[in-house]
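File shown here: target.csv, holding CSV, C-alpha atoms.
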```csv
chain,number,residue,atom,x,y,z
A,62,MET,CA,-82.8,-28.6,25.9
A,63,LEU,CA,-81.0,-28.7,22.6
A,64,LEU,CA,-84.2,-27.5,20.8
A,65,LEU,CA,-84.5,-24.6,23.3
A,66,SER,CA,-80.9,-23.6,22.7
A,67,VAL,CA,-81.4,-23.5,19.0
A,68,MET,CA,-84.6,-21.5,19.3
A,69,LEU,CA,-82.9,-19.0,21.5
A,70,LEU,CA,-80.2,-18.6,18.9
A,71,LEU,CA,-82.7,-17.9,16.2
A,72,TRP,CA,-84.5,-15.3,18.4
A,73,GLY,CA,-81.2,-13.4,19.0
A,74,VAL,CA,-80.7,-10.8,16.3
A,75,PRO,CA,-77.9,-8.2,16.1
A,76,LEU,CA,-79.2,-4.8,17.3
A,77,SER,CA,-76.3,-2.4,16.7
A,78,SER,CA,-72.7,-2.2,15.9
A,79,ALA,CA,-72.4,0.9,18.1
A,80,SER,CA,-70.6,-1.0,20.9
A,81,GLY,CA,-67.8,-1.7,18.5
A,82,ARG,CA,-65.9,-4.6,16.9
A,83,LEU,CA,-65.3,-6.5,20.2
A,84,ARG,CA,-68.8,-6.3,21.7
A,85,ARG,CA,-72.2,-6.8,20.0
A,86,PHE,CA,-75.7,-6.4,21.4
A,87,GLN,CA,-78.2,-9.2,20.9
A,88,LEU,CA,-82.0,-9.4,21.5
A,89,ILE,CA,-83.9,-12.5,22.6
A,90,SER,CA,-87.4,-11.3,21.8
A,91,ASN,CA,-89.6,-13.9,23.6
A,92,LYS,CA,-90.9,-12.8,27.0
A,93,MET,CA,-89.4,-14.3,30.1
A,94,LEU,CA,-88.7,-13.6,33.8
A,95,ILE,CA,-85.4,-12.1,34.8
A,96,ASN,CA,-83.7,-15.3,35.9
A,97,GLU,CA,-84.8,-17.0,32.7
A,98,ALA,CA,-83.4,-14.0,30.7
A,99,ARG,CA,-80.0,-14.2,32.3
A,100,ASN,CA,-79.8,-17.9,31.8
A,101,ALA,CA,-80.7,-17.5,28.1
A,102,CYS,CA,-78.0,-14.7,27.7
A,103,ARG,CA,-75.3,-16.7,29.4
A,104,SER,CA,-76.1,-19.9,27.5
A,105,ASN,CA,-76.0,-18.3,24.1
A,106,TYR,CA,-74.0,-15.1,24.4
A,107,THR,CA,-72.0,-13.6,27.3
A,108,ASP,CA,-74.5,-12.1,29.7
A,109,LEU,CA,-77.3,-9.6,30.1
A,110,VAL,CA,-76.1,-6.3,28.7
A,111,THR,CA,-74.2,-3.7,30.7
A,112,ILE,CA,-74.9,-0.1,29.5
A,113,TYR,CA,-71.9,2.2,29.8
A,114,ASN,CA,-73.3,5.5,28.4
A,115,GLU,CA,-76.3,7.3,26.9
A,116,THR,CA,-75.3,6.5,23.4
A,117,GLU,CA,-75.5,2.8,24.1
A,118,ASN,CA,-78.8,3.2,25.9
A,119,MET,CA,-80.3,5.1,22.9
A,120,ASP,CA,-79.0,2.5,20.4
A,121,LEU,CA,-80.9,-0.2,22.4
A,122,VAL,CA,-84.0,1.8,23.1
A,123,ASN,CA,-84.5,2.7,19.4
A,124,ILE,CA,-84.7,-0.9,18.4
A,125,LEU,CA,-86.4,-2.4,21.4
A,126,ASN,CA,-90.2,-2.9,20.8
A,127,VAL,CA,-91.6,-2.5,24.3
A,128,SER,CA,-89.3,-3.4,27.2
A,129,GLY,CA,-86.3,-5.7,27.8
A,130,TRP,CA,-84.2,-7.0,30.7
A,131,ILE,CA,-80.7,-5.6,31.1
A,132,GLY,CA,-78.1,-6.5,33.6
A,133,ALA,CA,-78.7,-3.6,36.1
A,134,ASN,CA,-79.3,-4.8,39.6
A,135,SER,CA,-79.9,-2.9,42.8
A,136,CYS,CA,-79.9,-6.0,45.0
A,137,LYS,CA,-77.2,-8.5,45.9
A,138,TRP,CA,-76.7,-11.2,48.5
A,139,SER,CA,-74.5,-10.8,51.6
A,140,ASN,CA,-71.9,-13.1,50.0
A,141,GLY,CA,-71.6,-10.7,47.0
A,142,ASP,CA,-73.6,-12.8,44.5
A,143,PRO,CA,-76.0,-10.8,42.3
A,144,ALA,CA,-79.7,-11.4,43.2
A,145,THR,CA,-81.0,-13.1,40.1
A,146,PHE,CA,-84.0,-14.7,41.9
A,147,ILE,CA,-86.5,-12.4,43.6
A,148,LYS,CA,-89.8,-13.1,45.2
A,149,TYR,CA,-90.6,-9.4,46.1
A,150,SER,CA,-92.7,-7.5,43.6
A,151,GLY,CA,-93.5,-4.1,45.3
A,152,THR,CA,-91.5,-0.9,45.4
A,153,PHE,CA,-89.1,-0.1,48.3
A,154,ASN,CA,-89.9,2.8,50.6
A,155,GLU,CA,-86.5,2.8,52.3
A,156,GLU,CA,-83.4,4.5,50.8
A,157,LYS,CA,-81.5,1.4,51.9
A,158,CYS,CA,-83.2,-1.7,53.0
A,159,CYS,CA,-82.5,-5.4,53.6
A,160,GLY,CA,-84.4,-8.6,52.8
A,161,ALA,CA,-86.7,-10.5,55.2
A,162,VAL,CA,-89.1,-13.4,54.9
A,163,ASN,CA,-92.4,-12.8,56.6
A,164,THR,CA,-94.7,-15.3,58.4
A,165,GLY,CA,-96.5,-16.1,55.2
A,166,GLY,CA,-93.3,-16.9,53.3
A,167,GLY,CA,-93.3,-13.7,51.3
A,168,TRP,CA,-90.3,-11.4,50.9
A,169,GLY,CA,-90.1,-7.9,52.1
A,170,CYS,CA,-87.4,-5.2,52.4
A,171,VAL,CA,-87.2,-3.2,55.6
A,172,ASN,CA,-84.7,-0.8,57.3
A,173,CYS,CA,-81.4,-2.7,57.9
A,174,SER,CA,-80.4,-0.8,61.0
A,175,GLU,CA,-83.5,0.1,62.9
A,176,THR,CA,-85.4,-3.2,62.7
A,177,LYS,CA,-84.4,-6.3,64.8
A,178,MET,CA,-85.7,-9.8,64.1
A,179,TYR,CA,-84.6,-13.4,63.9
A,180,PHE,CA,-82.2,-14.4,61.0
A,181,MET,CA,-81.2,-17.3,58.9
A,182,CYS,CA,-77.5,-18.4,58.3
A,183,TYR,CA,-76.3,-21.1,56.0
A,184,ASP,CA,-73.3,-23.5,55.9
A,185,LYS,CA,-71.9,-24.0,52.4
A,186,GLY,CA,-72.1,-27.6,51.1
A,187,ASN,CA,-70.7,-29.3,48.0
A,188,GLY,CA,-73.9,-28.5,46.1
A,189,GLN,CA,-77.1,-26.4,46.4
A,190,GLU,CA,-79.0,-29.2,48.0
A,191,SER,CA,-76.3,-29.9,50.5
A,192,ASP,CA,-76.3,-26.4,52.0
A,193,LYS,CA,-77.5,-26.4,55.6
A,194,TYR,CA,-79.8,-23.7,57.0
A,195,TRP,CA,-79.9,-22.4,60.5
A,196,LEU,CA,-82.6,-20.2,61.9
A,197,ILE,CA,-81.1,-18.1,64.7
A,198,ARG,CA,-83.8,-17.1,67.2
A,199,GLU,CA,-82.1,-13.9,68.4
A,200,SER,CA,-83.4,-10.4,67.6
A,201,ARG,CA,-80.7,-8.5,65.8
A,202,ASN,CA,-80.5,-5.9,63.0
A,203,TRP,CA,-79.3,-7.0,59.6
A,204,PHE,CA,-75.7,-6.0,60.0
A,205,GLU,CA,-75.5,-7.7,63.4
A,206,ALA,CA,-77.0,-10.8,61.9
A,207,GLN,CA,-74.6,-10.7,59.1
A,208,LEU,CA,-71.6,-10.5,61.5
A,209,TYR,CA,-73.0,-13.5,63.5
A,210,CYS,CA,-73.5,-15.7,60.5
A,211,ARG,CA,-70.0,-14.9,59.1
A,212,GLU,CA,-68.4,-15.8,62.5
A,213,HIS,CA,-70.4,-19.0,63.2
A,214,HIS,CA,-71.4,-20.2,59.7
A,215,THR,CA,-70.8,-19.2,56.1
A,216,ASP,CA,-73.0,-16.1,55.8
A,217,LEU,CA,-76.6,-14.9,55.9
A,218,VAL,CA,-78.7,-17.2,53.7
A,219,SER,CA,-78.9,-16.7,49.9
A,220,ILE,CA,-81.9,-17.9,48.0
A,221,ARG,CA,-81.1,-18.6,44.3
A,222,ASN,CA,-84.1,-20.3,43.0
A,223,GLU,CA,-87.6,-21.6,43.9
A,224,MET,CA,-86.3,-24.9,45.2
A,225,GLU,CA,-84.1,-23.1,47.7
A,226,ASN,CA,-86.9,-20.7,48.6
A,227,GLU,CA,-89.1,-23.7,49.5
A,228,ARG,CA,-86.3,-25.3,51.6
A,229,VAL,CA,-85.9,-22.1,53.5
A,230,LYS,CA,-89.6,-21.9,54.3
A,231,LYS,CA,-89.6,-25.6,55.5
A,232,ALA,CA,-86.6,-25.0,57.7
A,233,VAL,CA,-88.4,-22.3,59.7
A,234,ASN,CA,-91.7,-24.1,60.2
A,235,GLY,CA,-93.9,-21.0,60.5
A,236,SER,CA,-91.5,-18.8,62.5
A,237,ASP,CA,-91.8,-15.0,62.9
A,238,SER,CA,-90.2,-12.8,60.2
A,239,PHE,CA,-86.5,-13.3,59.8
A,240,TRP,CA,-83.6,-11.7,57.9
A,241,ILE,CA,-82.1,-13.2,54.8
A,242,GLY,CA,-78.9,-12.1,53.0
A,243,LEU,CA,-80.6,-9.8,50.4
A,244,GLN,CA,-79.6,-6.2,50.5
A,245,TYR,CA,-80.9,-3.3,48.4
A,246,ASN,CA,-78.7,-0.3,47.5
A,247,TYR,CA,-79.8,2.8,45.6
A,248,SER,CA,-76.7,2.6,43.3
A,249,LEU,CA,-76.8,0.0,40.5
A,250,ASP,CA,-74.6,-3.0,40.1
A,251,TRP,CA,-74.3,-5.0,36.9
A,252,VAL,CA,-74.7,-8.7,37.0
A,253,ASP,CA,-71.8,-9.5,34.6
A,254,GLY,CA,-69.4,-7.6,36.9
A,255,GLY,CA,-69.1,-4.6,34.6
A,256,HIS,CA,-67.9,-1.3,36.0
A,257,SER,CA,-70.4,1.1,34.7
A,258,GLY,CA,-71.5,4.4,36.4
A,259,TYR,CA,-74.4,4.9,34.0
A,260,THR,CA,-77.8,5.2,35.6
A,261,GLN,CA,-81.1,7.0,35.4
A,262,ASN,CA,-83.5,8.1,38.0
A,263,SER,CA,-86.9,6.3,38.2
A,264,SER,CA,-90.0,6.7,40.3
A,265,SER,CA,-89.9,3.2,41.8
A,266,ARG,CA,-87.3,1.1,43.4
A,267,ALA,CA,-86.9,-2.7,43.3
A,268,CYS,CA,-84.2,-5.2,42.4
A,269,PHE,CA,-84.1,-5.6,38.6
A,270,THR,CA,-84.1,-2.9,36.0
A,271,TYR,CA,-85.5,-2.8,32.5
A,272,PHE,CA,-85.8,0.3,30.3
A,273,LEU,CA,-88.8,1.2,28.2
A,274,LYS,CA,-89.2,2.9,24.8
A,275,GLN,CA,-89.7,6.1,26.6
A,276,HIS,CA,-86.0,6.1,27.4
A,277,SER,CA,-86.3,5.6,31.2
A,278,LEU,CA,-84.9,2.9,33.4
A,279,MET,CA,-87.8,1.3,35.3
A,280,LYS,CA,-87.2,-1.2,38.1
A,281,LYS,CA,-89.3,-4.3,38.3
A,282,ASN,CA,-88.7,-7.9,39.1
A,283,LYS,CA,-91.7,-10.1,38.2
A,284,ASP,CA,-92.6,-9.0,34.7
A,285,ASN,CA,-92.1,-11.0,31.5
A,286,CYS,CA,-89.8,-9.1,29.2
A,287,SER,CA,-87.5,-9.6,26.3
A,288,ALA,CA,-83.8,-10.1,27.0
A,289,LEU,CA,-81.0,-7.7,26.0
A,290,CYS,CA,-77.8,-9.6,25.8
A,291,TYR,CA,-74.3,-8.9,24.6
A,292,LYS,CA,-71.6,-11.0,23.1
A,293,SER,CA,-68.0,-10.3,23.9
A,294,SER,CA,-65.4,-11.1,21.3
A,295,ILE,CA,-62.6,-11.2,23.8
A,296,HIS,CA,-61.6,-14.6,25.1
A,297,VAL,CA,-59.5,-14.8,28.2
A,298,SER,CA,-57.4,-17.9,28.7
A,299,THR,CA,-57.5,-19.8,32.0
A,300,ASP,CA,-53.8,-20.8,31.8
A,301,LYS,CA,-50.6,-18.7,31.5
A,302,MET,CA,-48.1,-19.3,28.7
A,303,SER,CA,-45.4,-17.7,26.7
A,304,TRP,CA,-46.2,-15.4,23.7
A,305,GLU,CA,-45.4,-18.1,21.1
A,306,GLU,CA,-47.6,-20.6,23.0
A,307,ALA,CA,-50.3,-17.9,23.2
A,308,LEU,CA,-50.1,-17.5,19.4
A,309,ASN,CA,-50.7,-21.2,18.9
A,310,TYR,CA,-53.3,-21.4,21.6
A,311,CYS,CA,-55.5,-18.6,20.0
A,312,ASP,CA,-55.0,-20.0,16.5
A,313,THR,CA,-56.1,-23.5,17.5
A,314,HIS,CA,-58.7,-23.0,20.3
A,315,THR,CA,-62.2,-24.0,19.3
A,316,ASP,CA,-63.8,-20.6,20.0
A,317,THR,CA,-61.0,-18.2,19.0
A,318,ALA,CA,-59.6,-16.7,15.8
A,319,GLY,CA,-56.1,-15.5,16.8
A,320,LEU,CA,-54.4,-13.3,19.4
A,321,LEU,CA,-56.3,-10.1,20.2
A,322,ILE,CA,-55.7,-7.1,17.9
A,323,ILE,CA,-56.4,-3.6,19.1
A,324,GLN,CA,-57.1,-1.4,16.1
A,325,SER,CA,-58.7,1.7,17.7
A,326,GLU,CA,-59.6,3.5,20.9
A,327,ASN,CA,-62.9,1.8,20.9
A,328,ASP,CA,-61.2,-1.6,20.8
A,329,GLN,CA,-59.1,-0.5,23.8
A,330,ILE,CA,-62.1,0.6,25.7
A,331,GLU,CA,-63.8,-2.8,25.2
A,332,THR,CA,-60.6,-4.5,26.3
A,333,ASP,CA,-60.4,-2.4,29.4
A,334,ARG,CA,-64.0,-3.2,30.3
A,335,GLU,CA,-63.4,-6.9,29.9
A,336,LEU,CA,-60.3,-6.9,32.1
A,337,GLU,CA,-62.0,-4.7,34.7
A,338,ARG,CA,-65.1,-7.0,35.0
A,339,ARG,CA,-62.8,-10.0,35.3
A,340,LYS,CA,-60.6,-8.2,37.8
A,341,ILE,CA,-57.4,-8.7,35.8
A,342,SER,CA,-54.6,-6.2,36.1
A,343,GLY,CA,-52.2,-7.9,33.8
A,344,PRO,CA,-49.8,-8.4,32.2
A,345,VAL,CA,-51.8,-10.2,29.5
A,346,TRP,CA,-50.5,-11.1,26.1
A,347,VAL,CA,-52.0,-9.6,22.9
A,348,GLY,CA,-51.2,-10.0,19.3
A,349,LEU,CA,-48.4,-7.3,19.2
A,350,ARG,CA,-44.8,-8.0,18.4
A,351,GLN,CA,-41.7,-6.1,17.4
A,352,SER,CA,-39.7,-6.7,14.2
A,353,ARG,CA,-36.2,-7.5,15.4
A,354,LEU,CA,-34.8,-6.5,12.0
A,355,PHE,CA,-36.5,-3.1,11.5
A,356,GLY,CA,-37.6,-2.3,15.1
A,357,PHE,CA,-41.2,-1.3,14.4
A,358,TRP,CA,-44.2,-2.9,16.2
A,359,ILE,CA,-46.8,-4.8,14.2
A,360,TRP,CA,-49.9,-6.8,14.9
A,361,ILE,CA,-50.2,-10.4,13.9
A,362,ASN,CA,-52.4,-9.4,10.9
A,363,GLY,CA,-49.6,-7.2,9.5
A,364,LEU,CA,-51.1,-3.8,10.6
A,365,ASN,CA,-48.5,-1.3,11.9
A,366,ALA,CA,-49.1,-0.3,15.5
A,367,ARG,CA,-48.5,3.3,14.7
A,368,ASN,CA,-52.0,3.8,13.4
A,369,TRP,CA,-53.3,3.9,16.9
A,370,SER,CA,-51.4,3.2,20.1
A,371,ASN,CA,-51.6,3.2,23.9
A,372,TRP,CA,-48.0,2.7,25.1
A,373,LYS,CA,-47.4,3.3,28.8
A,374,GLU,CA,-44.5,5.6,28.0
A,375,GLY,CA,-46.5,7.4,25.3
A,376,SER,CA,-44.3,6.0,22.5
A,377,PRO,CA,-43.0,2.5,21.5
A,378,PRO,CA,-40.0,1.1,23.4
A,379,GLU,CA,-36.7,1.9,21.7
A,380,HIS,CA,-35.5,-0.9,19.4
A,381,GLN,CA,-32.1,-1.5,21.0
A,382,ILE,CA,-33.3,-1.9,24.6
A,383,SER,CA,-36.8,-3.2,24.2
A,384,LEU,CA,-38.2,-6.6,24.8
A,385,HIS,CA,-40.0,-7.9,21.8
A,386,CYS,CA,-43.6,-9.1,22.6
A,387,GLY,CA,-46.6,-6.9,23.4
A,388,ALA,CA,-48.8,-7.1,26.5
A,389,ILE,CA,-51.3,-5.0,28.4
A,390,GLU,CA,-51.0,-4.2,32.1
A,391,LYS,CA,-52.5,-1.7,34.5
A,392,VAL,CA,-50.4,1.3,35.2
A,393,ASP,CA,-51.6,4.0,37.6
A,394,GLY,CA,-55.2,2.7,37.2
A,395,GLN,CA,-55.2,2.6,33.4
A,396,TYR,CA,-54.5,-0.3,31.0
A,397,LYS,CA,-51.5,0.4,28.8
A,398,TRP,CA,-49.4,-1.4,26.3
A,399,CYS,CA,-45.9,-2.6,27.3
A,400,ASP,CA,-43.1,-4.7,26.0
A,401,LYS,CA,-42.4,-8.0,27.8
A,402,ASP,CA,-40.0,-10.9,27.5
A,403,CYS,CA,-41.6,-13.3,25.0
A,404,ARG,CA,-40.6,-16.3,27.2
A,405,LYS,CA,-42.6,-15.1,30.3
A,406,ASN,CA,-45.9,-16.8,31.1
A,407,TYR,CA,-48.9,-14.6,31.2
A,408,THR,CA,-52.7,-14.8,30.7
A,409,VAL,CA,-53.7,-14.5,27.0
A,410,LEU,CA,-56.3,-12.4,25.2
A,411,CYS,CA,-57.7,-13.9,22.0
A,412,GLU,CA,-60.4,-12.8,19.6
A,413,GLY,CA,-63.5,-14.9,19.7
A,414,LYS,CA,-65.1,-16.3,16.6
```
So that I can check it, write out the structure of this file as structure tokens.
Amino acid sequence: MLLLSVMLLLWGVPLSSASGRLRRFQLISNKMLINEARNACRSNYTDLVTIYNETENMDLVNILNVSGWIGANSCKWSNGDPATFIKYSGTFNEEKCCGAVNTGGGWGCVNCSETKMYFMCYDKGNGQESDKYWLIRESRNWFEAQLYCREHHTDLVSIRNEMENERVKKAVNGSDSFWIGLQYNYSLDWVDGGHSGYTQNSSSRACFTYFLKQHSLMKKNKDNCSALCYKSSIHVSTDKMSWEEALNYCDTHTDTAGLLIIQSENDQIETDRELERRKISGPVWVGLRQSRLFGFWIWINGLNARNWSNWKEGSPPEHQISLHCGAIEKVDGQYKWCDKDCRKNYTVLCEGK
């Protein structure tokens, strides 16, 4: 396992600095299946890449040799988890369809509302092998099945790997086709939780997306492709603390190099994206503080905050009435800078090494 991790790190090479100082693209060039690609990205970087605009797409396409996995996903499980294990390889004919297992153990995707069949629920255990599966021999559409499973069990069954797929097949013992928790939507989700509206049309529909040299997003789920990852340089603390404690935490933590500094609009955009995908509205500490003697705001590296700013009031808080430590919080749907009491305990944003 250690050797594999080292090899993956050697395969990853920087593709572009276009995403900015706080997020870098990485390529793992060996060919792998989608679930292997995501595991490799998460082990060595942050996750499969989320693409936010055409500029980023073109930066990646221009360097990619043939094809590469990205984090776009049209399928998810009923419990909200992304579908990173897929046994279905065809295209979908329905605008919106849901997953079913047929009598031969293969997966299909059929109309969620108009088709009625048996369905499988699960009860969540302490680990994957302790989950319990229940085949309900009542004919219902997918939404009715989902409601039943949520009322009487945990949810419609999720299948996260080959082992679970085999357990599900054994649990039914050759039953007729039955619903599972997989649901396909025409809109794209991103497996890292990123909030991106970027998409492209393609001629086929399936669960996982990779884009080709010809600039188009193509949807497949069983091919072997390279992996396009990204590395975020924003570290989010698990604990809340005062600003002074945050300063020490970011300076001494193994993977960080100081409190987060926002030097440009692009830095702010990347910070917003990271907070959005983590569903954090703030306040969160950053490396911004006011000089009590002179009243101006400076970053911990000595840069004056007047070079680029994003204050919620449009300008820095007045010296005589302001609090003295800088944070970010969501105001009317946008992340803005604000002054906070340095003694308050908030989540911390550090810069990763």
TODO: Please identify all polymer residues within 12 Å of Gln324 in chain A, counting all atoms listed in the file, omitting same-chain residues fewer than 4 positions from it, and present them as a list in words.
DONE: Gly81, Arg82, Leu83, Asp328, Gln329, Ile330, Glu331, Thr332, Val347, Gly348, Leu349, Ile359, Trp360, Ile361, Asn362, Gly363, Leu364, Asn365, Ala366, Arg367, Asn368, Trp369, Ser370 and Asn371 of chain A
- [ ] Using CA of Thr116 in chain A and CA of Thr260 in chain A as the two end points, give the distance in Å to one decimal.
- [x]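 These two atoms are separated by 12.5 Å.
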Open item on the list: My list of candidates is A:Lys397, A:Lys391, A:Arg221, A:Lys231. Which is closest to Asn96 in chain A when distances are computed with all atoms listed in the file?
Closed with: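 Once distances to Asn96 in chain A are computed over all atoms listed in the file, the minimum belongs to A:Arg221.
For the choices A:Phe86, A:Trp168, A:Phe239, A:Tyr209, the atom-to-atom distance to Leu196 in chain A is smallest for A:Phe239 when using all atoms listed in the file.
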Open item on the list: Using all atoms listed in the file, which protein or nucleic acid residues come within 9 Å of Gly242 in chain A? Drop anything in the same chain fewer than 3 positions from it, and give the result as a list of chain:residue names.
Closed with: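 So, after excluding close chain neighbours, the residues are A:Lys137, A:Trp138, A:Ser139, A:Asn140, A:Cys159, A:Gly160, A:Ala161, A:Phe180, A:Met181, A:Cys182, A:Trp203, A:Gln207, A:Asp216, A:Leu217, A:Val218, A:Ser219, A:Ile220.
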- [ ] For CA of Ser135 in chain A and CA of Val297 in chain A, determine how far apart the two atoms are, in Å to one decimal place.
- [x] 27.8 Å
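The spacing separating CA of Glu97 in chain A from CA of Ile295 in chain A amounts to 24.6 Å.
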- [ ] Would you please work out which residue, of A:Gly166, A:Gly413, A:Gly141, A:Gly375, is nearest to Arg228 in chain A when using only C-alpha atoms?
- [x]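 Looking at the shortest contact to Arg228 in chain A, the residue is A:Gly166.
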- [ ] Select, from A:Ile124, A:Ile131, A:Thr176, A:Glu412, the residue with the minimum atom-to-atom distance to Thr313 in chain A, counting only C-alpha atoms.
- [x] A:Glu412
- [ ] May I have the residues at most 9 Å from (-81.8, -16.3, 39.6) in the file's coordinates, counting all atoms listed in the file, as a list in words?
- [x]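 The requested residues, written out, are Ile95, Asn96, Glu97, Arg99, Asn100, Pro143, Ala144, Thr145, Phe146, Ile147, Ile220, Arg221, Asn222 and Glu223 of chain A.
Remark: for Gly255 in chain A, the closest of the candidate residues A:Lys401, A:Lys340, A:Lys185, A:Lys148 is A:Lys340 (distances computed over all atoms listed in the file).
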TODO: Can you work out which one of A:Asn226, A:Thr315, A:Ser128, A:Ser376 has the shortest atom-to-atom distance to Tyr194 in chain A, counting all atoms listed in the file?
DONE: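 Answer, going by the shortest atom-to-atom distance: A:Asn226.
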TODO: For Leu289 in chain A, work out the shell of residues within 9 Å, counting all atoms listed in the file and skipping chain neighbours fewer than 4 positions away, then give it as number ranges by chain.
DONE: A: 86-90, 98, 102, 108-110, 121, 125, 129-132
Compute the distance from (-77.6, -26.4, 60.5) to each atom, counting all atoms listed in the file, keep the residues with any atom at most 8 Å away, and return them as an mmCIF file with C-alpha atoms, in the frame of the given file; use the coordinates of the file.
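Result went into out.cif, see below:
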```
data_model
loop_
_atom_site.group_PDB
_atom_site.id
_atom_site.type_symbol
_atom_site.label_atom_id
_atom_site.label_comp_id
_atom_site.auth_asym_id
_atom_site.auth_seq_id
_atom_site.Cartn_x
_atom_site.Cartn_y
_atom_site.Cartn_z
ATOM 1 C CA TYR A 183 -76.300 -21.100 56.000
ATOM 2 C CA ASP A 184 -73.300 -23.500 55.900
ATOM 3 C CA LYS A 193 -77.500 -26.400 55.600
ATOM 4 C CA TYR A 194 -79.800 -23.700 57.000
ATOM 5 C CA TRP A 195 -79.900 -22.400 60.500
#
```
TODO: Please identify all polymer residues within 12 Å of Asp316 in chain A, counting all atoms listed in the file, omitting same-chain residues fewer than 4 positions from it, and present them as a ChimeraX atom specification.
DONE: /A:293-298,310-312,320,411-414
Task: Polymer residues at most 12 Å from Gly258 in chain A, all atoms listed in the file, same-chain spacing of 6 or more positions, as JSON, numbers by chain - done: {"A": [111, 112, 113, 114, 115, 133, 248, 249, 250, 251]}
